[in-house]
$ cat upload.cif   # mmCIF, C-alpha atoms and all ligand atoms
data_run
#
loop_
_atom_site.label_atom_id
_atom_site.label_comp_id
_atom_site.auth_asym_id
_atom_site.auth_seq_id
_atom_site.Cartn_x
_atom_site.Cartn_y
_atom_site.Cartn_z
CA MET A 1 115.72 83.71 -17.24
CA SER A 2 115.92 79.95 -16.83
CA SER A 3 113.73 76.93 -17.37
CA ASP A 4 112.98 73.92 -15.18
CA SER A 5 111.50 72.15 -18.18
CA PRO A 6 113.03 68.81 -19.19
CA LEU A 7 112.69 69.86 -22.84
CA ILE A 8 115.76 70.79 -24.87
CA ILE A 9 115.07 71.91 -28.42
CA ALA A 10 117.81 71.11 -30.95
CA LEU A 11 118.37 74.20 -33.10
CA ASP A 12 119.85 72.28 -36.03
CA GLN A 13 119.79 75.19 -38.44
CA PRO A 14 122.14 76.19 -41.27
CA SER A 15 122.79 79.80 -40.17
CA LEU A 16 122.81 82.16 -37.23
CA ASP A 17 119.80 84.02 -38.62
CA ALA A 18 117.77 80.85 -39.12
CA ALA A 19 118.59 79.66 -35.60
CA LEU A 20 117.61 82.98 -34.00
CA CYS A 21 114.45 83.18 -36.08
CA LEU A 22 113.48 79.79 -34.69
CA ALA A 23 114.55 80.67 -31.14
CA ASP A 24 112.37 83.78 -31.31
CA ARG A 25 109.36 81.50 -31.82
CA LEU A 26 110.17 79.57 -28.61
CA ASP A 27 109.84 80.58 -24.96
CA PRO A 28 113.03 80.44 -22.84
CA THR A 29 110.99 79.81 -19.69
CA ARG A 30 109.57 76.62 -21.24
CA CYS A 31 112.58 74.96 -22.83
CA ARG A 32 116.33 75.03 -23.18
CA VAL A 33 118.04 74.97 -26.56
CA LYS A 34 120.83 72.87 -28.03
CA VAL A 35 123.51 74.13 -30.39
CA GLY A 36 125.09 71.35 -32.41
CA LYS A 37 127.88 70.86 -34.90
CA GLU A 38 126.36 72.39 -38.03
CA LEU A 39 125.15 75.58 -36.38
CA PHE A 40 128.28 76.10 -34.29
CA THR A 41 130.58 75.43 -37.26
CA ARG A 42 128.72 78.06 -39.25
CA SER A 43 128.19 80.70 -36.61
CA GLY A 44 130.70 80.06 -33.81
CA PRO A 45 130.31 81.49 -30.30
CA ASP A 46 128.11 84.35 -31.61
CA VAL A 47 125.10 82.06 -31.62
CA VAL A 48 125.64 81.10 -27.99
CA GLU A 49 125.94 84.74 -26.99
CA ALA A 50 122.80 85.68 -28.93
CA LEU A 51 120.80 82.85 -27.34
CA HIS A 52 122.00 83.82 -23.86
CA GLY A 53 120.93 87.37 -24.67
CA ARG A 54 117.42 86.06 -25.37
CA GLY A 55 117.31 84.27 -22.03
CA PHE A 56 117.95 80.69 -23.16
CA GLN A 57 120.12 78.18 -21.34
CA VAL A 58 122.30 76.47 -23.93
CA PHE A 59 123.46 72.87 -24.27
CA LEU A 60 126.56 73.02 -26.49
CA ASP A 61 126.43 69.60 -28.18
CA LEU A 62 129.84 69.34 -29.85
CA LYS A 63 130.59 65.80 -28.57
CA PHE A 64 134.30 66.37 -28.03
CA HIS A 65 136.44 63.26 -28.68
CA ASP A 66 140.21 63.72 -28.74
CA ILE A 67 143.26 63.33 -26.53
CA PRO A 68 142.72 64.37 -22.88
CA ASN A 69 144.55 67.72 -23.06
CA THR A 70 142.68 68.83 -26.19
CA VAL A 71 139.27 67.86 -24.83
CA ALA A 72 139.95 69.52 -21.48
CA GLY A 73 140.78 72.78 -23.29
CA ALA A 74 137.68 72.58 -25.48
CA VAL A 75 135.42 71.89 -22.48
CA GLN A 76 136.97 74.83 -20.63
CA ALA A 77 136.40 77.09 -23.65
CA ALA A 78 132.75 76.01 -23.84
CA ALA A 79 132.19 76.51 -20.12
CA GLU A 80 133.77 79.96 -20.24
CA GLN A 81 131.07 80.92 -22.75
CA GLY A 82 128.62 80.26 -19.94
CA VAL A 83 126.84 77.30 -21.48
CA TRP A 84 124.54 75.29 -19.23
CA MET A 85 125.76 71.91 -20.52
CA VAL A 86 128.57 70.52 -22.67
CA ASN A 87 129.44 66.99 -23.74
CA VAL A 88 132.26 64.64 -24.70
CA HIS A 89 132.23 61.12 -26.13
CA ALA A 90 132.53 58.45 -23.42
CA GLY A 91 134.43 56.41 -26.03
CA GLY A 92 137.33 58.84 -25.49
CA GLY A 93 137.96 56.93 -22.28
CA ARG A 94 138.51 57.51 -18.58
CA ARG A 95 141.62 59.71 -18.79
CA MET A 96 139.93 62.01 -21.30
CA MET A 97 136.79 62.42 -19.20
CA GLU A 98 138.76 62.89 -15.98
CA ALA A 99 140.90 65.57 -17.63
CA ALA A 100 137.78 67.45 -18.70
CA ARG A 101 136.27 67.22 -15.20
CA GLU A 102 139.51 68.29 -13.56
CA ARG A 103 139.82 71.32 -15.86
CA LEU A 104 136.32 72.55 -14.98
CA GLU A 105 137.00 72.12 -11.27
CA ARG A 106 140.35 73.86 -11.43
CA HIS A 107 138.66 76.93 -12.92
CA GLY A 108 135.55 76.84 -10.75
CA LEU A 109 133.29 76.25 -13.78
CA THR A 110 129.89 74.74 -12.99
CA THR A 111 128.69 73.82 -16.50
CA HIS A 112 127.12 70.34 -16.56
CA LEU A 113 129.52 67.88 -18.18
CA ILE A 114 128.01 64.76 -19.72
CA ALA A 115 129.21 61.95 -22.00
CA VAL A 116 127.66 60.45 -25.11
CA THR A 117 127.30 56.66 -24.86
CA VAL A 118 125.88 55.13 -28.07
CA LEU A 119 124.29 57.46 -30.63
CA THR A 120 120.52 57.08 -30.83
CA SER A 121 120.83 56.62 -34.60
CA MET A 122 122.70 53.33 -34.07
CA GLU A 123 121.32 49.82 -33.71
CA THR A 124 122.97 46.42 -33.25
CA THR A 125 124.13 46.06 -36.86
CA ASP A 126 125.74 49.53 -36.84
CA LEU A 127 127.68 48.64 -33.70
CA GLN A 128 128.83 45.34 -35.20
CA GLU A 129 130.26 47.16 -38.21
CA VAL A 130 132.47 49.25 -35.91
CA GLY A 131 133.60 46.20 -33.95
CA VAL A 132 131.25 46.40 -30.96
CA THR A 133 129.66 43.00 -30.47
CA GLN A 134 127.36 43.94 -27.56
CA ALA A 135 123.79 45.08 -28.10
CA PRO A 136 123.31 48.86 -27.79
CA GLY A 137 121.82 48.56 -24.28
CA GLU A 138 124.82 46.65 -22.94
CA GLN A 139 127.31 49.05 -24.51
CA VAL A 140 125.39 52.01 -23.09
CA GLU A 141 125.56 50.45 -19.60
CA ARG A 142 129.27 49.89 -19.89
CA LEU A 143 129.97 53.47 -21.03
CA ALA A 144 127.57 54.98 -18.47
CA ARG A 145 129.39 53.21 -15.61
CA LEU A 146 132.70 54.47 -16.97
CA ALA A 147 131.30 57.99 -17.36
CA MET A 148 130.03 58.00 -13.78
CA ASP A 149 133.37 56.68 -12.45
CA SER A 150 135.15 59.36 -14.46
CA GLY A 151 133.21 62.20 -12.83
CA MET A 152 130.57 62.95 -15.46
CA ASP A 153 127.26 64.51 -14.36
CA GLY A 154 125.37 62.20 -16.66
CA VAL A 155 125.15 60.70 -20.12
CA VAL A 156 123.48 61.03 -23.48
CA CYS A 157 121.66 57.76 -24.18
CA SER A 158 118.38 56.70 -25.72
CA ALA A 159 115.29 56.70 -23.53
CA GLN A 160 115.16 52.95 -24.08
CA GLU A 161 118.13 52.72 -21.71
CA SER A 162 116.95 55.26 -19.11
CA ALA A 163 115.22 52.81 -16.76
CA ARG A 164 118.25 50.54 -16.55
CA LEU A 165 120.59 53.50 -16.03
CA ARG A 166 118.34 54.83 -13.26
CA GLU A 167 118.85 51.49 -11.47
CA LEU A 168 122.59 51.49 -12.12
CA CYS A 169 123.51 55.15 -11.66
CA GLY A 170 120.66 56.63 -9.63
CA ASP A 171 118.19 59.48 -10.15
CA ARG A 172 120.68 62.32 -9.88
CA PHE A 173 122.86 61.07 -12.72
CA LEU A 174 121.53 62.94 -15.78
CA LYS A 175 119.99 60.92 -18.59
CA VAL A 176 119.75 63.25 -21.56
CA THR A 177 117.83 61.49 -24.29
CA PRO A 178 117.55 62.39 -27.97
CA GLY A 179 115.61 60.10 -30.30
CA ILE A 180 112.36 61.45 -28.88
CA ARG A 181 109.45 61.06 -31.23
CA PRO A 182 105.91 62.15 -30.32
CA SER A 183 103.27 59.92 -31.90
CA PHE A 184 102.70 62.50 -34.69
CA ALA A 185 106.36 62.53 -35.83
CA ALA A 186 108.47 60.46 -38.24
CA ALA A 187 111.50 58.55 -36.92
CA ASP A 188 113.82 60.07 -39.59
CA ASP A 189 117.39 58.74 -39.10
CA GLN A 190 116.81 57.86 -35.44
CA ARG A 191 116.68 54.17 -34.48
CA ARG A 192 116.32 53.87 -30.68
CA ILE A 193 113.28 56.07 -30.14
CA MET A 194 110.55 56.68 -27.55
CA THR A 195 107.68 59.09 -27.11
CA PRO A 196 108.14 62.01 -24.67
CA ARG A 197 105.80 60.48 -22.14
CA GLU A 198 107.40 57.03 -22.25
CA ALA A 199 110.84 58.62 -21.94
CA MET A 200 109.98 60.59 -18.80
CA ALA A 201 108.30 57.52 -17.27
CA ALA A 202 111.45 55.51 -17.98
CA GLY A 203 113.63 57.97 -16.05
CA SER A 204 115.01 60.35 -18.64
CA THR A 205 115.89 63.63 -16.95
CA HIS A 206 115.97 65.68 -20.15
CA LEU A 207 114.44 65.14 -23.60
CA VAL A 208 116.26 66.43 -26.67
CA ILE A 209 113.81 67.15 -29.47
CA GLY A 210 114.71 68.58 -32.85
CA ARG A 211 112.77 68.07 -36.05
CA PRO A 212 109.37 67.26 -34.51
CA VAL A 213 109.40 70.83 -33.17
CA THR A 214 111.67 72.73 -35.53
CA ARG A 215 109.99 71.49 -38.70
CA ALA A 216 106.49 72.16 -37.38
CA LYS A 217 104.59 75.05 -38.95
CA ASP A 218 104.21 76.46 -35.44
CA PRO A 219 107.17 75.27 -33.31
CA MET A 220 105.73 76.66 -30.07
CA ALA A 221 102.44 74.83 -30.70
CA ALA A 222 104.39 71.60 -31.26
CA LEU A 223 106.24 72.19 -27.99
CA GLU A 224 102.92 72.82 -26.22
CA ALA A 225 101.53 69.56 -27.62
CA ILE A 226 104.53 67.76 -26.11
CA GLU A 227 104.03 69.51 -22.76
CA GLN A 228 100.38 68.41 -22.83
CA GLU A 229 101.44 64.83 -23.52
CA LEU A 230 103.73 64.97 -20.47
CA VAL A 231 101.01 66.12 -18.06
CA ALA A 232 98.17 63.99 -19.46
O1 LIG Y 301 122.86 60.06 -29.59
C1 LIG Y 301 122.55 61.20 -30.00
C2 LIG Y 301 123.26 62.33 -29.64
C3 LIG Y 301 122.84 63.55 -30.11
N1 LIG Y 301 121.78 63.66 -30.92
C4 LIG Y 301 121.37 65.01 -31.37
O2 LIG Y 301 120.05 65.28 -30.90
C5 LIG Y 301 119.30 65.95 -31.89
C6 LIG Y 301 118.10 65.12 -32.26
O3 LIG Y 301 117.38 65.76 -33.28
P1 LIG Y 301 116.05 65.15 -33.91
O4 LIG Y 301 115.75 66.09 -35.06
O5 LIG Y 301 115.00 65.19 -32.83
O6 LIG Y 301 116.33 63.77 -34.39
C7 LIG Y 301 120.25 66.23 -33.05
O7 LIG Y 301 120.76 67.52 -32.88
C8 LIG Y 301 121.36 65.21 -32.87
O8 LIG Y 301 122.61 65.72 -33.30
C9 LIG Y 301 121.09 62.55 -31.29
O9 LIG Y 301 120.10 62.60 -32.04
N2 LIG Y 301 121.50 61.33 -30.79
#

$ encode --input "upload.cif" --output "structure tokens"
Amino acid sequence: MSSDSPLIIALDQPSLDAALCLADRLDPTRCRVKVGKELFTRSGPDVVEALHGRGFQVFLDLKFHDIPNTVAGAVQAAAEQGVWMVNVHAGGGRRMMEAARERLERHGLTTHLIAVTVLTSMETTDLQEVGVTQAPGEQVERLARLAMDSGMDGVVCSAQESARLRELCGDRFLKVTPGIRPSFAAADDQRRIMTPREAMAAGSTHLVIGRPVTRAKDPMAALEAIEQELVA
């Protein structure tokens, strides 16, 4: 089973059971799912296998950031689990990203490999505190160019940057955008946000949505409301 939907639901759950309980309320033909740091640290590769068994394509969002050899090995390990997408931090630099790309190619692994630019929870003041003087949009552009030059299939950015990245990097370069907030949802800890409809219009290729769906009483109904917003 696979989905052509742009929607990726973040299964940020504290256990394997909780994640599968949630996944069982979603439809693998209408979304993909994302496994992040908390869930993977608690449940390991078992959760990926169980989600594949239920027909879901999985984005393994572990944001690898280390020396090139270590990241290349981690990306290979993820791809060998059959995940649809895996990511690294663009801040790890060109040699790190190239090593990851080269490792996938050497082993004939076709998992999408993308790079995180600037976390959607960060705004200008957060960047200044870590020594980045550019505004988030400028830093995202810089890292997206580097990611494209280094062989990445796309980036994680906020939807606020999607239109500019479409101009710079083209339509085929993936723009995977968390920080998606339908009008009914709270921003939580996200800072650079957009609604699903605005994000798709801006050129996002995939929308990562967590709490607005996973905290809903009926997650599938929340997902349907988002689908409706996209076609309206
Ligand atoms: O810049 C980034 C990179 C990753 N994320 C992840 O996406 C989801 C968003 O969840 P919400 O509940 O919809 O806020 C979450 O798993 C993050 O780890 C991100 O938000 N921003």

$ residues_near_ligand --input "upload.cif" --ligand "ligand LIG 301 (chain Y)" --cutoff "7 Å" --atoms "all atoms listed in the file" --output "ChimeraX atom specification"
/A:10,12,36,116,118-121,156-158,178-180,188-190,208-212

$ atom_distance --input "upload.cif" --atom1 "CA of Pro182 in chain A" --atom2 "CA of Leu26 in chain A"
18.0 Å

$ residues_around --input "upload.cif" --residues "range 140-147 of chain A" --least-positions-apart "3" --cutoff "12 Å" --atoms "only C-alpha atoms" --output "JSON, numbers by chain"
{"A": [87, 88, 89, 90, 91, 92, 93, 94, 95, 96, 97, 98, 100, 101, 113, 114, 115, 116, 117, 118, 119, 120, 122, 123, 124, 127, 132, 134, 135, 136, 137, 150, 151, 152, 153, 154, 155, 156, 157, 158, 159, 160, 161, 162, 163, 164, 165, 166, 167, 168, 169, 170, 173, 174, 175, 176, 192]}

$ atom_distance --input "upload.cif" --atom1 "CA of Val71 in chain A" --atom2 "CA of Ala99 in chain A"
7.7 Å

$ closest_residue --input "upload.cif" --among "A:Ile67, A:Leu20, A:Val86, A:Ala77" --to "Arg54 in chain A" --atoms "all atoms listed in the file"
A:Leu20
